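Written out below as structure tokens is the structure these notes cover.
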There are 4 protein chains.
Amino acid sequence: MSDLLWPGDHRAGALLSDGAYLDALVAVENAWLAVLVDSAVAPTAATADLTGLVGAEDVAALAEGAEQDGNPVSGLVALLRDRAGDEPARWLHRGLTSQDVVDTALLLCLRDALDVVAARLVTQVQALLGLIEKHRDAPILAHTLTQPALPTTAGRKFSVWLQSILDAADALEAVVPLPVQVGGAAGTLAAGTELSGSAAAAVSLADALADRLGLARAHPWHTSRAAVTRIGDALVTCTDAWGHVANDISVGARAEIGEFAEGSGGSSSTMPHKNNPVLTVLLRRAALAAPGLGATLHAASAASLDERTDGGWHAEWATLRTLARRTVVAADQAADLLANLRFDTARAAANLEAAHGILAEQQTMAGLTGRPPTASYLGATDLLVETAVERGRNYLKGSS
Amino acid sequence: MSDLLWPGDHRAGALLSDGAYLDALVAVENAWLAVLVDSAVAPTAATADLTGLVGAEDVAALAEGAEQDGNPVSGLVALLRDRAGDEPARWLHRGLTSQDVVDTALLLCLRDALDVVAARLVTQVQALLGLIEKHRDAPILAHTLTQPALPTTAGRKFSVWLQSILDAADALEAVVPLPVQVGGAAGTLAAGTELSGSAAAAVSLADALADRLGLARAHPWHTSRAAVTRIGDALVTCTDAWGHVANDISVGARAEIGEFAEGSGGSSSTMPHKNNPVLTVLLRRAALAAPGLGATLHAASAASLDERTDGGWHAEWATLRTLARRTVVAADQAADLLANLRFDTARAAANLEAAHGILAEQQTMAGLTGRPPTASYLGATDLLVETAVERGRNYLKGSS
Amino acid sequence: MSDLLWPGDHRAGALLSDGAYLDALVAVENAWLAVLVDSAVAPTAATADLTGLVGAEDVAALAEGAEQDGNPVSGLVALLRDRAGDEPARWLHRGLTSQDVVDTALLLCLRDALDVVAARLVTQVQALLGLIEKHRDAPILAHTLTQPALPTTAGRKFSVWLQSILDAADALEAVVPLPVQVGGAAGTLAAGTELSGSAAAAVSLADALADRLGLARAHPWHTSRAAVTRIGDALVTCTDAWGHVANDISVGARAEIGEFAEGSGGSSSTMPHKNNPVLTVLLRRAALAAPGLGATLHAASAASLDERTDGGWHAEWATLRTLARRTVVAADQAADLLANLRFDTARAAANLEAAHGILAEQQTMAGLTGRPPTASYLGATDLLVETAVERGRNYLKGSS
Amino acid sequence: MSDLLWPGDHRAGALLSDGAYLDALVAVENAWLAVLVDSAVAPTAATADLTGLVGAEDVAALAEGAEQDGNPVSGLVALLRDRAGDEPARWLHRGLTSQDVVDTALLLCLRDALDVVAARLVTQVQALLGLIEKHRDAPILAHTLTQPALPTTAGRKFSVWLQSILDAADALEAVVPLPVQVGGAAGTLAAGTELSGSAAAAVSLADALADRLGLARAHPWHTSRAAVTRIGDALVTCTDAWGHVANDISVGARAEIGEFAEGSGGSSSTMPHKNNPVLTVLLRRAALAAPGLGATLHAASAASLDERTDGGWHAEWATLRTLARRTVVAADQAADLLANLRFDTARAAANLEAAHGILAEQQTMAGLTGRPPTASYLGATDLLVETAVERGRNYLKGSS
């Protein structure tokens, strides 16, 4: 996939594409059929591998047909029944409802996206640890409310970015494993109970589906959508973190400041001299657009109604796709940006040198303590960097 | 185009698709080249028709390449220069900057989308006038805060929907004609002035481009983005209106109430008896998701900076596509919904009949006036319907 | 009023405060009673001036009581009936419903706020015209995507800000005059019709109320809320414009750039050397927070239902207050900021001087035209400034 | 406090009011001074209790003065220095920066609000467990996409609400304990290090402040704002859950359906017969307005810049107040609503009885299994209820 209106979109490959989603829908139906056979609810003759029975050539028709029922599952099930053998056709999808298949398939797709984001976070943390190692004590001017504040170090600046990124990584880790959805037509496992002969057996079918798909066993959450908003919030927390980093680079990359430069910036259609901080710009873009998508997921959750929501549920799907793909793109861009970031120690030192009055606070402190001011006024900079580095290293250990 | 995650998306056809956007980018370059030749800035030998020089097969490469510069124009211009003759290649794009081409092309795409929305609004108004004609005096129960309030008429209910829709139509009309964007690299028409020999001539080039593309002549608005937020706000005002209509139908279509039914509802994958109000549900979906997109356009506008914005600008594009396509889809669905809506006069009358205490207010009034209560307690219902119908008819006249 | 958590809030005075809202509620009831008497619906003996019958000392009880019915009108009417004479008490509020009073009163309050914003926009335009006059041709470096682009002038930069502000002013003008709300309990003017004896007379009562309050006559819009979202969108368009201006100043005020400074910046609790661009920062704050409020108004509108909405309506009130007060505050801060803005021509010229390669585009143009490059490469800068200045002057004429 | 425009606001008492915030600011300064003395950084003569040195009478001046510096801390410190003895005056606030005091004070205020929300969640869970106990097996009709779907039980319906509420409770628990903020002027603990003589000692001061205030020890997070967005997301997750419950009640309270009624609903200013589901309506209001506030916190976080953010930081404060107070109000309203909710078993049974075709799915299953359909088609309803009840009970145990 690619997208002329969201440059960089190709970095997300096929994640959450119609094709990937269709594959996931089939994977859910396939796993469920296997569960039915395994548990002896369906006869052995119902054994079948549904994989490949539908494909790219079916997407357009399924998508158009999806409007008939509000989702593509009825259409897909009809196709599968048509193309599978008689006995698999009789049994497939029995006990599930459309929402079970849609929700579980979407979470499978999201899991793939979250995995990529997590991997890129690792790369980012590695890049930042590298930057810290290289420029740990390089002097740089701290700013508050845009104005010169105090001396600090490049290591400290990078460690603050690291902190934002590790906070995002924590948020992401808190949402996995993602839950399976099996509730049946009204969240009562009615059909599954009828098929399996008991409520406990119906719950076992649901658990077996979770196990088979590598998802968490879960109570049906058809109209309790915190599982969805949690994912959205974590993704937005990621773009927040990269937005923060991009803001600092965006300012620092100005010619008048010159502390940062992208490893390889973009050119202009009319101004060949320019070295635009394109990844930075595209990360800021992602950070600007994500909060509205996260809010839409909450609005959808807050609209939950009955035993299947009349619109709120439907608003989640494309919102999740957009948010997840963009976060994957931004994750990859941020990894590139940090891996290739150039820091100009000379300009940073010169900017610090040129700053006026930034040691006034220190004079006040010396007046209080009666001790002479320290040479650097760098405070606990090094210790704070060390703490952040340690957190980063622990994260890498936990992620390897 | 279609979209498994946004059922109904195919209704928007190719509007704002990568293909349509690429065509529009070429149309802008093409018109600009013609303007340069027409105005004798470029020699006659530069005359060329760029249409068709790039096509669907170039989209993927252009999209991936767009990340290099943050937008696809450099890549497109390179392709066009490669494929046009020498003299056209020398002249094409001269005087423009990427932003000019992107902004103008996007507005061309949006114009097409707005035209479709406007046409569907006409259909909706016609459908509502038809419903009013058919059921004008049919009694129905008015509710406030979900509770029985007073008697009203179906005509009045439909006239309120009509009002919401006409308000949206007004909002939409207020944003056209859309403005051209020609500012050059920094919003100073520097290159255009250099090419044409004078500032006035440069402005004339910009005006000629507007005329040729059927857009409004405009001062460069590269970092003054009210032109964009205005469009977004108008589109959201449309989905608000359909959301309102869908809410009323969603409630009225409940079996326990039974006043409304979709002409042809959707079925369930497991419950064949169901007649789901699918269009209603999908309209509610659109209304839930639109405000976040409109807000993103404002956030992007508020991030305007320098002579080209570092991220805010880039956040607009895909947001506009998503919002515009969804509004087109919803416009078409709302037109279908209203054209085929079934109103059950008997159930409505029965629900009104069953309501308790709804004439208490009338008794109070009679106590005050000393006059006996009117038979219906319908107040100015008919007059208000008439006013709304007249407004609707005037709109249809103005739109034909 | 003041607000420790929204510094600058006191600039909005009592606008949309509980006190102002209560006054407006009483003003509506008072005007309606006068209308009833004037139109001979109520007897002359019902004449009364309700102003002052309730006051600041009643606010807390009314606010707490408002939860009982979801709005304060029942409580207020009870108080007024208690404190007015018998005959006024018998007649006041008759024919209105709570929503009529709440909506109309809120629009009265909003009108006051919009008036202040409009007045501050005039001041801002004046300030910008002054800045343009003073620095029209001062050289400054244009940036795109944060990087040096081309030479431009301070006049041109100010004229772009002017454009954003005039676009906001246009948006604001498009929403006035604000509409009255009179629909009665279910938007049918039932009680008014019963009281006045005819539908036409009931509509006349509504029109008379509009006239008396200086609002626009209007069809009831109880569940067609474009009147509200239009106001919200216009207010957000204002904060967008100031956000744009503040972003440019925020960057230009950096010590490393030094082109802009606030006339009187804020100090730091620990760093006495700092001259923080506080108004700039607070304007950015307002611009960041406004889009979410505008989106909430759309979400509320899209939730419209029945003949009075079950929550969407209630979500509008405080959202409008917050958005309107903050816009007033920002309007005033932006007026101050622009009136006292310092522009450092020397630093701007030096930054331009230091820029590399920014005339490369011009060389390309010269190569095409065969004419020598112009001295300045300022293009149509002056002409564009002139056009903007003229638009500004026309706006001032129209506003005086 | 009360608020005419947000009925129910008084339920939040003084939480996050200007007064409470001022008290918290003083509490932070007070605790810090004690830490300085305890650690022998400041002399024993600096011991003082700052509590009560400023009060309600100072709020207006501090609020107005806050605009000078962008926050009220400089003004507050000046007042405290004025009113404390000489030696305390010399030492108080030394080592802190405004942001440390603002952030820590706001989190103290938020902790109080979160405590109330948590307590109300306990009440809600108790109420739901009571409802389940009372109506566990009462038959009711499940709906999907507004249409009759299958039989279920009131116990199952309540258990789904319970699940939404417990998910929200989990989200809330995940954000505590809240972190202290001590970073000094630029997040380097420079002044603290100078005062205490070493970086390690400076970190100890920060830790001691956390301990003294009952907050979590924390790395400075001045421009890493996940701590803030996490709180916001959790609060919005709460209003989502109550929105879900309110939606179901809003529909079920319709006269035509009649399954639910508020224990004591609100009346109408003109229609005495009405029993409006006011708490339900006000909860829907809160759920509509919260997502935009949560999104604003993310937008603010994504705007993080330098060592103190130029506007994003300032946008958090009032947003947090509004979101937190409204969540407290809604928490209390939801507790009342659930504690007094009336469920009409007869109407629910009748509505189920009247539903057509809802056992069609069961027939299909029976056809597959060859076994006769079960009597109820309630599936695993009881088992699922049991699981939810157990989760609820465990939550209560953990919260007591």
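Letters A, B, ... go to the chains of the structure tokens in the order shown; residues in each chain start at 1; ligands are counted from 1 in the same order.
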What's the 10 Å shell around Arg284 (chain C), counting only C-alpha atoms, without same-chain residues fewer than 6 positions away, as a PDB file with N, CA, C and O atoms, in the first residue's frame?
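Wrote it out as result.pdb, contents follow:
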```
ATOM      1  N   ALA B 302      -4.004  26.027  13.248  1.00  0.00           N
ATOM      2  CA  ALA B 302      -3.435  26.744  14.393  1.00  0.00           C
ATOM      3  C   ALA B 302      -1.937  26.515  14.519  1.00  0.00           C
ATOM      4  O   ALA B 302      -1.259  27.239  15.237  1.00  0.00           O
ATOM      5  N   ALA B 303      -1.418  25.504  13.830  1.00  0.00           N
ATOM      6  CA  ALA B 303       0.023  25.222  13.859  1.00  0.00           C
ATOM      7  C   ALA B 303       0.761  25.952  12.733  1.00  0.00           C
ATOM      8  O   ALA B 303       1.958  25.738  12.548  1.00  0.00           O
TER       9      ALA B 303
ATOM     10  N   THR C 239      -9.018  31.602  17.265  1.00  0.00           N
ATOM     11  CA  THR C 239      -7.829  31.135  18.004  1.00  0.00           C
ATOM     12  C   THR C 239      -6.815  30.504  17.057  1.00  0.00           C
ATOM     13  O   THR C 239      -5.611  30.575  17.306  1.00  0.00           O
ATOM     14  N   ASP C 240      -7.291  29.904  15.972  1.00  0.00           N
ATOM     15  CA  ASP C 240      -6.353  29.425  14.939  1.00  0.00           C
ATOM     16  C   ASP C 240      -5.470  30.573  14.445  1.00  0.00           C
ATOM     17  O   ASP C 240      -4.249  30.420  14.314  1.00  0.00           O
ATOM     18  N   TRP C 242      -4.717  33.450  15.847  1.00  0.00           N
ATOM     19  CA  TRP C 242      -3.757  33.949  16.841  1.00  0.00           C
ATOM     20  C   TRP C 242      -2.681  32.907  17.105  1.00  0.00           C
ATOM     21  O   TRP C 242      -1.536  33.259  17.410  1.00  0.00           O
ATOM     22  N   GLY C 243      -3.060  31.634  17.021  1.00  0.00           N
ATOM     23  CA  GLY C 243      -2.057  30.576  17.144  1.00  0.00           C
ATOM     24  C   GLY C 243      -0.985  30.732  16.075  1.00  0.00           C
ATOM     25  O   GLY C 243       0.222  30.627  16.362  1.00  0.00           O
ATOM     26  N   HIS C 244      -1.409  30.999  14.873  1.00  0.00           N
ATOM     27  CA  HIS C 244      -0.483  31.212  13.761  1.00  0.00           C
ATOM     28  C   HIS C 244       0.476  32.359  14.078  1.00  0.00           C
ATOM     29  O   HIS C 244       1.698  32.218  13.975  1.00  0.00           O
ATOM     30  N   VAL C 245      -0.061  33.471  14.475  1.00  0.00           N
ATOM     31  CA  VAL C 245       0.764  34.631  14.817  1.00  0.00           C
ATOM     32  C   VAL C 245       1.722  34.282  15.964  1.00  0.00           C
ATOM     33  O   VAL C 245       2.925  34.580  15.914  1.00  0.00           O
ATOM     34  N   ALA C 246       1.182  33.620  16.973  1.00  0.00           N
ATOM     35  CA  ALA C 246       2.000  33.290  18.147  1.00  0.00           C
ATOM     36  C   ALA C 246       3.132  32.326  17.790  1.00  0.00           C
ATOM     37  O   ALA C 246       4.237  32.437  18.328  1.00  0.00           O
ATOM     38  N   ASN C 247       2.852  31.392  16.892  1.00  0.00           N
ATOM     39  CA  ASN C 247       3.918  30.472  16.490  1.00  0.00           C
ATOM     40  C   ASN C 247       5.086  31.242  15.873  1.00  0.00           C
ATOM     41  O   ASN C 247       6.249  30.964  16.186  1.00  0.00           O
ATOM     42  N   SER C 250       6.823  33.125  18.597  1.00  0.00           N
ATOM     43  CA  SER C 250       7.494  32.195  19.506  1.00  0.00           C
ATOM     44  C   SER C 250       8.861  31.797  18.950  1.00  0.00           C
ATOM     45  O   SER C 250       9.860  31.772  19.673  1.00  0.00           O
ATOM     46  N   VAL C 278       5.268  35.769  27.231  1.00  0.00           N
ATOM     47  CA  VAL C 278       4.148  35.130  27.923  1.00  0.00           C
ATOM     48  C   VAL C 278       2.850  35.208  27.137  1.00  0.00           C
ATOM     49  O   VAL C 278       2.094  34.232  27.065  1.00  0.00           O
ATOM     50  N   ALA C 330      -8.055  35.586  24.711  1.00  0.00           N
ATOM     51  CA  ALA C 330      -7.014  35.537  23.687  1.00  0.00           C
ATOM     52  C   ALA C 330      -7.098  36.739  22.760  1.00  0.00           C
ATOM     53  O   ALA C 330      -6.080  37.274  22.304  1.00  0.00           O
TER      54      ALA C 330
ATOM     55  N   ALA D 303       2.917  18.695  22.007  1.00  0.00           N
ATOM     56  CA  ALA D 303       3.523  20.002  21.748  1.00  0.00           C
ATOM     57  C   ALA D 303       4.738  20.249  22.644  1.00  0.00           C
ATOM     58  O   ALA D 303       5.306  21.348  22.621  1.00  0.00           O
ATOM     59  N   ASP D 310       6.104  25.834  25.541  1.00  0.00           N
ATOM     60  CA  ASP D 310       5.564  27.171  25.307  1.00  0.00           C
ATOM     61  C   ASP D 310       4.076  27.177  24.960  1.00  0.00           C
ATOM     62  O   ASP D 310       3.684  27.674  23.911  1.00  0.00           O
ATOM     63  N   GLY D 311       3.251  26.684  25.848  1.00  0.00           N
ATOM     64  CA  GLY D 311       1.820  26.726  25.600  1.00  0.00           C
ATOM     65  C   GLY D 311       1.155  25.377  25.859  1.00  0.00           C
ATOM     66  O   GLY D 311       0.083  25.321  26.463  1.00  0.00           O
ATOM     67  N   GLY D 312       1.783  24.317  25.444  1.00  0.00           N
ATOM     68  CA  GLY D 312       1.224  22.987  25.684  1.00  0.00           C
ATOM     69  C   GLY D 312       1.067  22.725  27.173  1.00  0.00           C
ATOM     70  O   GLY D 312       0.028  22.217  27.633  1.00  0.00           O
ATOM     71  N   HIS D 314       0.689  24.915  29.534  1.00  0.00           N
ATOM     72  CA  HIS D 314      -0.355  25.788  30.068  1.00  0.00           C
ATOM     73  C   HIS D 314      -1.764  25.315  29.691  1.00  0.00           C
ATOM     74  O   HIS D 314      -2.736  25.617  30.378  1.00  0.00           O
ATOM     75  N   ALA D 315      -1.867  24.607  28.572  1.00  0.00           N
ATOM     76  CA  ALA D 315      -3.175  24.113  28.141  1.00  0.00           C
ATOM     77  C   ALA D 315      -3.672  22.953  29.002  1.00  0.00           C
ATOM     78  O   ALA D 315      -4.863  22.649  29.027  1.00  0.00           O
TER      79      ALA D 315
END
```
Problem set entry | Residue set, region 219-299 of chain A restricted to strand (DSSP E or B), as number ranges by chain | A: 260-261, 266, 276
For this session: Write out as a PyMOL selection string the residues lying within 8 Å of Leu106 (chain D), counting only C-alpha atoms and excluding same-chain residues fewer than 5 positions away.
Result: chain D and resi 16+21+24+317
Skip region 139-143 of chain B itself and residues of its chain fewer than 4 positions away, then list as a PDB file with C-alpha atoms, in the first residue's frame all residues within 7 Å of it, counting only C-alpha atoms.
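Result file part.pdb:
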```pdb
ATOM      1  CA  GLN B 147     -40.071  11.314  27.517  1.00  0.00           C
ATOM      2  CA  PRO B 148     -43.521  11.931  26.011  1.00  0.00           C
ATOM      3  CA  ALA B 149     -44.035  15.662  25.675  1.00  0.00           C
ATOM      4  CA  LEU B 150     -46.809  16.859  23.374  1.00  0.00           C
ATOM      5  CA  PRO B 151     -48.654  15.839  20.242  1.00  0.00           C
ATOM      6  CA  THR B 152     -47.033  16.862  17.001  1.00  0.00           C
ATOM      7  CA  THR B 153     -47.209  15.772  13.381  1.00  0.00           C
ATOM      8  CA  ALA B 154     -44.968  13.689  11.197  1.00  0.00           C
ATOM      9  CA  ALA B 348     -47.259   6.537  15.507  1.00  0.00           C
ATOM     10  CA  ALA B 349     -50.905   7.263  16.210  1.00  0.00           C
ATOM     11  CA  ASN B 351     -47.962   5.597  20.546  1.00  0.00           C
ATOM     12  CA  LEU B 352     -49.443   9.069  20.771  1.00  0.00           C
TER      13      LEU B 352
ATOM     14  CA  ALA C 186     -41.965  20.556  21.582  1.00  0.00           C
ATOM     15  CA  ASP C 306     -36.461  13.979  19.517  1.00  0.00           C
ATOM     16  CA  GLU C 307     -37.802  17.399  20.323  1.00  0.00           C
ATOM     17  CA  ARG C 308     -35.169  18.046  22.991  1.00  0.00           C
TER      18      ARG C 308
END
```
For this session: Show me which bits of chain B are within 6 Å of chain A, counting only C-alpha atoms, as a ChimeraX atom specification.
Result: /B:2-5,7-8,18,63,66-70,74,266-267,269,278,281-282,284-285,289,292,296,310-312,314-315,317-318
Would you output that residue set with C-alpha atoms, as a PDB file, in the first residue's frame?
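again.pdb written:
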```pdb
ATOM      1  CA  SER B   2     -13.781   0.325  -1.644  1.00  0.00           C
ATOM      2  CA  ASP B   3     -12.934  -0.145   1.998  1.00  0.00           C
ATOM      3  CA  LEU B   4     -13.697  -3.207   4.081  1.00  0.00           C
ATOM      4  CA  LEU B   5     -13.449  -1.096   7.209  1.00  0.00           C
ATOM      5  CA  PRO B   7     -18.767  -0.092   4.526  1.00  0.00           C
ATOM      6  CA  GLY B   8     -20.331   2.106   1.869  1.00  0.00           C
ATOM      7  CA  ASP B  18      -4.686   8.730  -5.226  1.00  0.00           C
ATOM      8  CA  ALA B  63       3.793   8.026  -3.242  1.00  0.00           C
ATOM      9  CA  ALA B  66       6.800  11.795  -1.778  1.00  0.00           C
ATOM     10  CA  GLU B  67       8.372  11.018   1.551  1.00  0.00           C
ATOM     11  CA  GLN B  68      11.696  12.328   0.302  1.00  0.00           C
ATOM     12  CA  ASP B  69      10.379  15.889   0.036  1.00  0.00           C
ATOM     13  CA  GLY B  70       7.302  15.631   2.151  1.00  0.00           C
ATOM     14  CA  SER B  74       9.020  17.221  -6.971  1.00  0.00           C
ATOM     15  CA  GLY B 266     -29.584  -5.328   6.465  1.00  0.00           C
ATOM     16  CA  SER B 267     -29.643  -8.888   7.667  1.00  0.00           C
ATOM     17  CA  SER B 269     -25.106 -13.385   9.848  1.00  0.00           C
ATOM     18  CA  VAL B 278     -28.047  -0.318   8.460  1.00  0.00           C
ATOM     19  CA  VAL B 281     -26.301   2.917  11.798  1.00  0.00           C
ATOM     20  CA  LEU B 282     -23.709   3.879   9.196  1.00  0.00           C
ATOM     21  CA  ARG B 284     -24.463   7.552  13.057  1.00  0.00           C
ATOM     22  CA  ARG B 285     -20.979   6.151  12.542  1.00  0.00           C
ATOM     23  CA  ALA B 289     -16.194  10.205  13.539  1.00  0.00           C
ATOM     24  CA  GLY B 292     -12.435  14.709  15.389  1.00  0.00           C
ATOM     25  CA  THR B 296      -7.649  18.136  13.339  1.00  0.00           C
ATOM     26  CA  ASP B 310       6.254  22.198   9.336  1.00  0.00           C
ATOM     27  CA  GLY B 311       3.670  19.472   9.765  1.00  0.00           C
ATOM     28  CA  GLY B 312       0.333  21.242  10.135  1.00  0.00           C
ATOM     29  CA  HIS B 314       0.850  17.903   5.884  1.00  0.00           C
ATOM     30  CA  ALA B 315      -1.772  16.852   8.417  1.00  0.00           C
ATOM     31  CA  TRP B 317      -4.329  16.283   3.246  1.00  0.00           C
ATOM     32  CA  ALA B 318      -5.382  12.829   4.344  1.00  0.00           C
TER      33      ALA B 318
END
```
Exercise. Distance CA of Cys238 (chain D)-CA of Ala168 (chain D), one decimal place?
Worked result: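 If I compute the distance from CA of Cys238 (chain D) to CA of Ala168 (chain D), I get 4.9 Å.
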